[in-house]
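> This is run-v9.txt, which holds compact mmCIF, N, CA and C atoms:
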```
# COMPACT_ATOMS: atom_id res chain seq x y z
N MET A 149 103.60 115.64 -29.53
CA MET A 149 103.00 114.75 -28.56
C MET A 149 104.10 114.12 -27.72
N ASN A 150 103.84 113.97 -26.43
CA ASN A 150 104.79 113.37 -25.50
C ASN A 150 104.21 112.10 -24.89
N LEU A 151 105.07 111.23 -24.43
CA LEU A 151 104.63 109.99 -23.84
C LEU A 151 105.52 109.64 -22.66
N ASN A 152 104.92 109.37 -21.51
CA ASN A 152 105.63 108.94 -20.32
C ASN A 152 105.00 107.62 -19.90
N LYS A 153 105.53 106.52 -20.37
CA LYS A 153 104.95 105.20 -20.12
C LYS A 153 106.07 104.22 -19.77
N VAL A 154 105.83 103.41 -18.72
CA VAL A 154 106.80 102.42 -18.27
C VAL A 154 106.11 101.06 -18.19
N PHE A 155 106.78 100.04 -18.72
CA PHE A 155 106.37 98.65 -18.56
C PHE A 155 107.51 97.96 -17.84
N LEU A 156 107.20 97.28 -16.76
CA LEU A 156 108.23 96.69 -15.92
C LEU A 156 107.79 95.30 -15.49
N LEU A 157 108.65 94.32 -15.68
CA LEU A 157 108.39 92.95 -15.24
C LEU A 157 109.57 92.53 -14.39
N GLY A 158 109.32 92.29 -13.11
CA GLY A 158 110.42 91.93 -12.22
C GLY A 158 109.91 91.35 -10.93
N ASN A 159 110.83 91.16 -9.99
CA ASN A 159 110.51 90.55 -8.70
C ASN A 159 110.63 91.58 -7.58
N LEU A 160 109.72 91.49 -6.61
CA LEU A 160 109.77 92.38 -5.45
C LEU A 160 110.99 92.07 -4.61
N THR A 161 111.65 93.11 -4.12
CA THR A 161 112.84 92.92 -3.28
C THR A 161 112.49 92.90 -1.80
N PHE A 162 111.29 93.36 -1.44
CA PHE A 162 110.79 93.27 -0.07
C PHE A 162 109.28 93.38 -0.10
N ASP A 163 108.63 93.03 1.01
CA ASP A 163 107.18 93.13 1.08
C ASP A 163 106.74 94.59 0.94
N PRO A 164 105.60 94.83 0.29
CA PRO A 164 105.12 96.20 0.12
C PRO A 164 104.83 96.87 1.47
N GLU A 165 105.01 98.19 1.50
CA GLU A 165 104.71 98.98 2.69
C GLU A 165 103.51 99.86 2.36
N ILE A 166 102.45 99.72 3.14
CA ILE A 166 101.26 100.53 2.89
C ILE A 166 101.10 101.53 4.03
N ARG A 167 100.64 102.73 3.69
CA ARG A 167 100.38 103.76 4.68
C ARG A 167 99.25 104.64 4.18
N THR A 168 98.78 105.48 5.04
CA THR A 168 97.68 106.39 4.70
C THR A 168 98.21 107.81 4.79
N THR A 169 97.92 108.62 3.79
CA THR A 169 98.33 110.03 3.81
C THR A 169 97.46 110.78 4.81
N PRO A 170 97.88 111.98 5.23
CA PRO A 170 97.04 112.77 6.15
C PRO A 170 95.63 113.04 5.60
N SER A 171 95.50 113.06 4.28
CA SER A 171 94.18 113.30 3.68
C SER A 171 93.34 112.01 3.60
N GLY A 172 93.91 110.87 4.04
CA GLY A 172 93.16 109.62 4.07
C GLY A 172 93.34 108.73 2.86
N LYS A 173 94.21 109.09 1.93
CA LYS A 173 94.45 108.28 0.74
C LYS A 173 95.47 107.18 1.04
N MET A 174 95.19 105.97 0.53
CA MET A 174 96.11 104.84 0.71
C MET A 174 97.24 104.94 -0.31
N VAL A 175 98.47 104.68 0.14
CA VAL A 175 99.62 104.65 -0.75
C VAL A 175 100.49 103.46 -0.36
N CYS A 176 100.95 102.74 -1.36
CA CYS A 176 101.77 101.55 -1.13
C CYS A 176 103.04 101.69 -1.97
N SER A 177 104.17 101.37 -1.37
CA SER A 177 105.42 101.45 -2.11
C SER A 177 106.18 100.13 -1.96
N PHE A 178 106.93 99.81 -3.00
CA PHE A 178 107.76 98.60 -3.01
C PHE A 178 108.83 98.76 -4.07
N ARG A 179 109.84 97.91 -3.98
CA ARG A 179 110.91 97.92 -4.97
C ARG A 179 110.83 96.67 -5.82
N VAL A 180 111.15 96.85 -7.10
CA VAL A 180 111.14 95.74 -8.05
C VAL A 180 112.54 95.65 -8.67
N ALA A 181 113.07 94.44 -8.73
CA ALA A 181 114.36 94.20 -9.36
C ALA A 181 114.14 93.59 -10.74
N THR A 182 114.87 94.12 -11.72
CA THR A 182 114.84 93.56 -13.06
C THR A 182 116.26 93.18 -13.45
N ASN A 183 116.38 92.11 -14.23
CA ASN A 183 117.69 91.63 -14.67
C ASN A 183 117.82 91.78 -16.17
N ARG A 184 119.00 92.15 -16.59
CA ARG A 184 119.33 92.17 -18.01
C ARG A 184 120.48 91.20 -18.21
N ILE A 185 120.29 90.22 -19.08
CA ILE A 185 121.30 89.20 -19.32
C ILE A 185 121.72 89.29 -20.78
N TRP A 186 123.02 89.25 -21.02
CA TRP A 186 123.53 89.30 -22.38
C TRP A 186 124.84 88.52 -22.45
N THR A 187 125.27 88.25 -23.67
CA THR A 187 126.53 87.56 -23.89
C THR A 187 127.54 88.56 -24.42
N ASP A 188 128.70 88.62 -23.76
CA ASP A 188 129.77 89.51 -24.18
C ASP A 188 130.29 89.01 -25.53
N LYS A 189 130.26 89.86 -26.55
CA LYS A 189 130.66 89.44 -27.91
C LYS A 189 132.14 89.08 -28.00
N GLN A 190 132.98 89.72 -27.18
CA GLN A 190 134.41 89.45 -27.26
C GLN A 190 134.80 88.17 -26.53
N THR A 191 134.20 87.93 -25.35
CA THR A 191 134.62 86.77 -24.55
C THR A 191 133.64 85.60 -24.64
N GLY A 192 132.42 85.86 -25.10
CA GLY A 192 131.39 84.81 -25.13
C GLY A 192 130.81 84.52 -23.75
N GLU A 193 131.24 85.29 -22.76
CA GLU A 193 130.79 85.09 -21.39
C GLU A 193 129.41 85.72 -21.17
N LYS A 194 128.53 84.99 -20.43
CA LYS A 194 127.22 85.53 -20.09
C LYS A 194 127.40 86.55 -18.98
N LYS A 195 126.74 87.69 -19.12
CA LYS A 195 126.81 88.74 -18.11
C LYS A 195 125.40 89.12 -17.69
N GLN A 196 125.31 89.65 -16.49
CA GLN A 196 124.01 90.03 -15.96
C GLN A 196 124.17 91.29 -15.11
N ILE A 197 123.17 92.17 -15.21
CA ILE A 197 123.13 93.36 -14.38
C ILE A 197 121.71 93.49 -13.83
N THR A 198 121.60 93.87 -12.58
CA THR A 198 120.30 94.03 -11.93
C THR A 198 120.05 95.51 -11.68
N GLU A 199 118.84 95.94 -12.02
CA GLU A 199 118.40 97.31 -11.75
C GLU A 199 117.28 97.24 -10.72
N TYR A 200 117.22 98.24 -9.85
CA TYR A 200 116.19 98.31 -8.82
C TYR A 200 115.32 99.54 -9.08
N HIS A 201 114.00 99.34 -8.98
CA HIS A 201 113.05 100.39 -9.30
C HIS A 201 112.10 100.60 -8.13
N GLN A 202 111.89 101.85 -7.76
CA GLN A 202 110.93 102.18 -6.72
C GLN A 202 109.57 102.36 -7.37
N VAL A 203 108.55 101.65 -6.86
CA VAL A 203 107.20 101.70 -7.41
C VAL A 203 106.25 102.21 -6.34
N VAL A 204 105.31 103.07 -6.74
CA VAL A 204 104.31 103.62 -5.84
C VAL A 204 102.94 103.37 -6.44
N THR A 205 102.00 102.90 -5.61
CA THR A 205 100.62 102.71 -6.04
C THR A 205 99.71 103.51 -5.11
N TRP A 206 98.58 103.94 -5.63
CA TRP A 206 97.65 104.77 -4.87
C TRP A 206 96.26 104.16 -4.85
N GLY A 207 95.48 104.51 -3.83
CA GLY A 207 94.07 104.13 -3.75
C GLY A 207 93.84 102.62 -3.69
N ARG A 208 92.87 102.17 -4.46
CA ARG A 208 92.51 100.75 -4.46
C ARG A 208 93.66 99.88 -4.94
N LEU A 209 94.44 100.37 -5.89
CA LEU A 209 95.60 99.62 -6.38
C LEU A 209 96.63 99.42 -5.26
N ALA A 210 96.74 100.39 -4.36
CA ALA A 210 97.64 100.27 -3.22
C ALA A 210 97.18 99.15 -2.28
N GLU A 211 95.88 99.08 -2.06
CA GLU A 211 95.34 98.03 -1.20
C GLU A 211 95.58 96.66 -1.80
N ILE A 212 95.36 96.52 -3.10
CA ILE A 212 95.56 95.24 -3.79
C ILE A 212 97.04 94.84 -3.73
N ALA A 213 97.93 95.80 -4.01
CA ALA A 213 99.37 95.51 -3.99
C ALA A 213 99.81 95.04 -2.60
N SER A 214 99.35 95.72 -1.55
CA SER A 214 99.76 95.35 -0.20
C SER A 214 99.20 93.99 0.21
N GLN A 215 98.04 93.63 -0.31
CA GLN A 215 97.39 92.38 0.05
C GLN A 215 98.00 91.18 -0.67
N TYR A 216 98.33 91.32 -1.96
CA TYR A 216 98.72 90.17 -2.76
C TYR A 216 100.21 90.08 -3.12
N LEU A 217 100.94 91.17 -3.08
CA LEU A 217 102.35 91.11 -3.45
C LEU A 217 103.20 90.76 -2.23
N LYS A 218 104.21 89.96 -2.45
CA LYS A 218 105.14 89.56 -1.40
C LYS A 218 106.55 89.55 -1.96
N LYS A 219 107.52 89.66 -1.07
CA LYS A 219 108.92 89.62 -1.47
C LYS A 219 109.19 88.40 -2.35
N GLY A 220 109.91 88.62 -3.46
CA GLY A 220 110.28 87.55 -4.37
C GLY A 220 109.27 87.25 -5.46
N ARG A 221 108.03 87.73 -5.31
CA ARG A 221 106.99 87.44 -6.29
C ARG A 221 107.18 88.26 -7.56
N LEU A 222 106.79 87.69 -8.67
CA LEU A 222 106.86 88.34 -9.97
C LEU A 222 105.66 89.27 -10.14
N VAL A 223 105.90 90.45 -10.70
CA VAL A 223 104.82 91.41 -10.93
C VAL A 223 105.09 92.16 -12.24
N PHE A 224 104.02 92.46 -12.95
CA PHE A 224 104.10 93.27 -14.17
C PHE A 224 103.45 94.62 -13.84
N ILE A 225 104.19 95.69 -14.06
CA ILE A 225 103.73 97.04 -13.74
C ILE A 225 103.61 97.86 -15.01
N GLU A 226 102.53 98.60 -15.13
CA GLU A 226 102.38 99.60 -16.18
C GLU A 226 102.15 100.92 -15.48
N GLY A 227 102.94 101.92 -15.81
CA GLY A 227 102.81 103.20 -15.13
C GLY A 227 103.56 104.31 -15.82
N ARG A 228 103.94 105.31 -15.01
CA ARG A 228 104.65 106.47 -15.54
C ARG A 228 105.77 106.87 -14.58
N LEU A 229 106.78 107.54 -15.10
CA LEU A 229 107.89 108.03 -14.28
C LEU A 229 107.52 109.37 -13.66
N VAL A 230 107.88 109.51 -12.38
CA VAL A 230 107.68 110.77 -11.68
C VAL A 230 108.93 111.03 -10.85
N THR A 231 109.45 112.25 -10.89
CA THR A 231 110.60 112.61 -10.08
C THR A 231 110.14 113.58 -9.00
N ARG A 232 110.41 113.21 -7.74
CA ARG A 232 110.08 114.07 -6.60
C ARG A 232 111.33 114.78 -6.14
N ASN A 233 111.19 116.03 -5.74
CA ASN A 233 112.30 116.82 -5.21
C ASN A 233 111.93 117.31 -3.82
N TRP A 234 112.90 117.30 -2.89
CA TRP A 234 112.67 117.80 -1.54
C TRP A 234 114.00 118.16 -0.89
N GLU A 235 113.91 118.79 0.26
CA GLU A 235 115.10 119.10 1.05
C GLU A 235 115.09 118.22 2.27
N ASP A 236 116.24 117.59 2.57
CA ASP A 236 116.31 116.74 3.76
C ASP A 236 116.50 117.61 5.01
N GLN A 237 116.61 116.98 6.16
CA GLN A 237 116.71 117.71 7.42
C GLN A 237 117.96 118.56 7.51
N SER A 238 119.00 118.19 6.75
CA SER A 238 120.25 118.96 6.74
C SER A 238 120.22 120.10 5.74
N GLY A 239 119.13 120.24 5.00
CA GLY A 239 119.02 121.30 4.00
C GLY A 239 119.55 120.93 2.63
N ASN A 240 119.93 119.66 2.44
CA ASN A 240 120.44 119.20 1.15
C ASN A 240 119.27 118.92 0.21
N LYS A 241 119.44 119.32 -1.05
CA LYS A 241 118.40 119.03 -2.05
C LYS A 241 118.50 117.56 -2.44
N ARG A 242 117.35 116.90 -2.45
CA ARG A 242 117.29 115.49 -2.78
C ARG A 242 116.26 115.28 -3.86
N SER A 243 116.39 114.18 -4.60
CA SER A 243 115.38 113.82 -5.61
C SER A 243 115.34 112.31 -5.75
N ARG A 244 114.19 111.84 -6.19
CA ARG A 244 114.01 110.41 -6.41
C ARG A 244 113.06 110.23 -7.59
N THR A 245 113.45 109.36 -8.53
CA THR A 245 112.57 109.03 -9.64
C THR A 245 111.88 107.71 -9.31
N GLU A 246 110.56 107.72 -9.40
CA GLU A 246 109.75 106.56 -9.06
C GLU A 246 108.83 106.22 -10.22
N ILE A 247 108.33 105.02 -10.19
CA ILE A 247 107.30 104.60 -11.14
C ILE A 247 105.97 104.64 -10.40
N VAL A 248 105.06 105.45 -10.89
CA VAL A 248 103.71 105.48 -10.33
C VAL A 248 102.90 104.48 -11.14
N ALA A 249 102.50 103.39 -10.47
CA ALA A 249 101.79 102.31 -11.16
C ALA A 249 100.36 102.73 -11.46
N GLU A 250 99.95 102.51 -12.69
CA GLU A 250 98.57 102.74 -13.10
C GLU A 250 97.83 101.43 -13.23
N ARG A 251 98.57 100.35 -13.50
CA ARG A 251 98.03 98.99 -13.58
C ARG A 251 99.10 98.04 -13.07
N LEU A 252 98.64 96.93 -12.52
CA LEU A 252 99.60 95.89 -12.17
C LEU A 252 98.97 94.53 -12.40
N GLN A 253 99.81 93.59 -12.74
CA GLN A 253 99.36 92.23 -12.97
C GLN A 253 100.21 91.32 -12.10
N LEU A 254 99.54 90.51 -11.32
CA LEU A 254 100.25 89.60 -10.43
C LEU A 254 100.87 88.47 -11.22
N GLY A 255 102.05 88.05 -10.81
CA GLY A 255 102.70 86.91 -11.44
C GLY A 255 102.08 85.62 -10.96
N PRO A 256 102.59 84.49 -11.41
CA PRO A 256 102.02 83.21 -10.99
C PRO A 256 102.16 83.03 -9.49
N ARG A 257 101.14 82.46 -8.90
CA ARG A 257 101.13 82.20 -7.46
C ARG A 257 102.03 81.01 -7.18
N PRO A 258 102.89 81.11 -6.17
CA PRO A 258 103.72 79.94 -5.86
C PRO A 258 102.83 78.80 -5.37
N ALA A 259 103.11 77.62 -5.83
CA ALA A 259 102.30 76.45 -5.49
C ALA A 259 102.58 76.02 -4.06
N SER A 260 101.51 75.71 -3.32
CA SER A 260 101.67 75.15 -1.98
C SER A 260 101.91 73.66 -2.12
N GLN A 261 102.36 73.03 -1.06
CA GLN A 261 102.63 71.59 -1.10
C GLN A 261 101.36 70.82 -1.44
N ALA A 262 100.21 71.26 -0.91
CA ALA A 262 98.94 70.58 -1.18
C ALA A 262 98.58 70.66 -2.65
N GLU A 263 98.83 71.83 -3.28
CA GLU A 263 98.53 72.00 -4.70
C GLU A 263 99.44 71.13 -5.56
N ILE A 264 100.67 70.98 -5.15
CA ILE A 264 101.61 70.14 -5.91
C ILE A 264 101.15 68.69 -5.86
N GLN A 265 100.74 68.21 -4.68
CA GLN A 265 100.27 66.84 -4.55
C GLN A 265 98.98 66.63 -5.32
N GLU A 266 98.08 67.61 -5.28
CA GLU A 266 96.81 67.52 -5.99
C GLU A 266 97.03 67.44 -7.50
N ALA A 267 98.05 68.14 -7.99
CA ALA A 267 98.33 68.17 -9.42
C ALA A 267 99.09 66.94 -9.90
N SER A 268 99.60 66.12 -8.98
CA SER A 268 100.35 64.93 -9.37
C SER A 268 99.41 63.89 -9.94
N PHE A 269 99.83 63.25 -11.03
CA PHE A 269 99.03 62.23 -11.68
C PHE A 269 99.71 60.89 -11.53
N PRO A 270 98.92 59.83 -11.37
CA PRO A 270 99.53 58.49 -11.37
C PRO A 270 100.23 58.23 -12.71
N LYS A 271 101.26 57.42 -12.68
CA LYS A 271 102.06 57.16 -13.87
C LYS A 271 101.23 56.65 -15.04
N GLU A 272 100.24 55.78 -14.76
CA GLU A 272 99.44 55.22 -15.85
C GLU A 272 98.63 56.30 -16.57
N GLU A 273 98.22 57.36 -15.86
CA GLU A 273 97.48 58.43 -16.52
C GLU A 273 98.39 59.23 -17.46
N LEU A 274 99.65 59.36 -17.08
CA LEU A 274 100.59 60.12 -17.90
C LEU A 274 100.96 59.38 -19.18
N GLU A 275 100.84 58.07 -19.17
CA GLU A 275 101.22 57.27 -20.32
C GLU A 275 100.06 57.02 -21.28
N GLU A 276 98.94 57.71 -21.09
CA GLU A 276 97.78 57.56 -21.95
C GLU A 276 98.17 57.91 -23.39
N GLU A 277 97.67 57.09 -24.32
CA GLU A 277 98.01 57.29 -25.72
C GLU A 277 97.32 58.54 -26.26
N ILE A 278 98.07 59.38 -26.91
CA ILE A 278 97.53 60.59 -27.51
C ILE A 278 97.42 60.36 -29.01
N PRO A 279 96.22 60.51 -29.57
CA PRO A 279 96.08 60.27 -31.01
C PRO A 279 96.83 61.31 -31.83
N ILE A 280 97.43 60.84 -32.92
CA ILE A 280 98.14 61.72 -33.83
C ILE A 280 97.28 61.90 -35.06
N ILE A 281 97.00 63.13 -35.39
CA ILE A 281 96.14 63.41 -36.54
C ILE A 281 96.98 64.14 -37.58
N ASP A 282 97.02 63.54 -38.76
CA ASP A 282 97.73 64.14 -39.88
C ASP A 282 96.83 65.21 -40.49
N GLU A 283 97.37 66.36 -40.78
CA GLU A 283 96.55 67.46 -41.30
C GLU A 283 95.92 67.14 -42.65
N ASP A 284 96.48 66.19 -43.40
CA ASP A 284 95.91 65.83 -44.71
C ASP A 284 94.84 64.75 -44.59
N GLU A 285 94.75 64.13 -43.42
CA GLU A 285 93.82 63.03 -43.21
C GLU A 285 92.42 63.58 -42.96
N ASP A 286 91.42 62.96 -43.55
CA ASP A 286 90.02 63.36 -43.34
C ASP A 286 89.50 62.57 -42.15
N ILE A 287 89.16 63.28 -41.07
CA ILE A 287 88.77 62.63 -39.81
C ILE A 287 87.35 63.03 -39.42
N ASN A 288 86.59 62.04 -38.97
CA ASN A 288 85.28 62.32 -38.37
C ASN A 288 85.49 62.46 -36.87
N ALA A 289 84.70 63.31 -36.22
CA ALA A 289 84.84 63.51 -34.78
C ALA A 289 84.62 62.22 -34.01
N GLU A 290 83.78 61.31 -34.52
CA GLU A 290 83.49 60.07 -33.82
C GLU A 290 84.71 59.13 -33.79
N GLU A 291 85.63 59.27 -34.74
CA GLU A 291 86.78 58.39 -34.82
C GLU A 291 87.89 58.75 -33.82
N VAL A 292 87.88 59.95 -33.31
CA VAL A 292 88.95 60.40 -32.39
C VAL A 292 88.57 59.99 -30.98
N PRO A 293 89.42 59.14 -30.33
CA PRO A 293 89.12 58.71 -28.97
C PRO A 293 89.26 59.89 -27.98
N LEU A 294 88.36 59.93 -27.01
CA LEU A 294 88.42 60.99 -25.99
C LEU A 294 88.98 60.49 -24.70
```
Represent the structure contained in this file as structure tokens.


Amino acid sequence: MNLNKVFLLGNLTFDPEIRTTPSGKMVCSFRVATNRIWTDKQTGEKKQITEYHQVVTWGRLAEIASQYLKKGRLVFIEGRLVTRNWEDQSGNKRSRTEIVAERLQLGPRPASQAEIQEASFPKEELEEEIPIIDEDEDINAEEVPL
């Protein structure tokens, strides 16, 4: 049995590009950057490397990606690896490995200024007393303040 499965969580490096194939199918492509961070065992120094991945979506998923994804946004991709081969105009053989997305999950939406203000609470609301319940204590629901 073989398995070709990719899980990718990263940020878009540019806005998605959507186009239509000659047969009328929608296709959307974008790049996702992922970071790997580790500590060098010899020096104790934190190191980081960034990888860039080409992602392709088709059909309805392409429409959704082009509508909701934007440069810098976080996205989770589930898909498979595909390598395309072709000859360029000079006759040179070229190839590219891409991730064909089968599912995608949008990351958190960046908050607008209005949403930030709406979510702000007056100081007195934040200082509301929170009851502490000991797991060994026998409590009736009526005794817990709401």

> Taking only residues of range 190-233 of chain A that have an atom at most 9 Å from an atom of range 181-184 of chain A, what is each one's shortest atom pair and its distance in Å to one decimal, using only C-alpha atoms, in chain and number order, as CSV?


```
residue,atom,partner,partner_atom,distance
A:Lys195,CA,A:Arg184,CA,8.2
A:Gln196,CA,A:Arg184,CA,5.5
A:Ile197,CA,A:Arg184,CA,5.4
A:Thr198,CA,A:Asn183,CA,4.5
A:Glu199,CA,A:Thr182,CA,5.3
A:Tyr200,CA,A:Ala181,CA,4.5
A:His201,CA,A:Ala181,CA,6.3
```

> Just checking: using only N, CA and C atoms, which residue out of A:Trp234, A:Tyr216, A:Trp206, A:Phe224 ends up closest to Val248 in chain A?

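Ranked by minimum distance to Val248 in chain A, first place goes to A:Trp206.
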
> By how many Å are CA of Leu229 in chain A and atom C of Arg244 in chain A apart?

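Those two atoms sit 8.7 Å apart.
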
> For Lys218 in chain A, please output as a PyMOL selection string all residues within 9 Å (counting only C-alpha atoms; exclusion window: fewer than 4 positions along the same chain).

chain A and resi 160-164+213-214+222

> Mind pulling up the distance from CA of Gly158 in chain A to CA of Glu193 in chain A?

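Separation between CA of Glu193 in chain A and CA of Gly158 in chain A: 23.4 Å.
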
> Could you state the separation of atom N of Thr245 in chain A and CA of Arg221 in chain A in Å, given to one decimal place?

23.0 Å

> Given only N, CA and C atoms as the basis, pick out the residue of A:Arg208, A:Leu217, A:Gly192, A:Val223 nearest to Val180 in chain A.

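Going through A:Arg208, A:Leu217, A:Gly192, A:Val223 one by one, the smallest distance to Val180 in chain A is for A:Val223.
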
> Choose the residue, out of A:Leu209, A:Ile185, A:Ile166, A:Arg228, that has the smallest atom-to-atom separation from Asn152 in chain A; count all atoms listed in the file.

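Looking at the shortest contact to Asn152 in chain A, the residue is A:Arg228.
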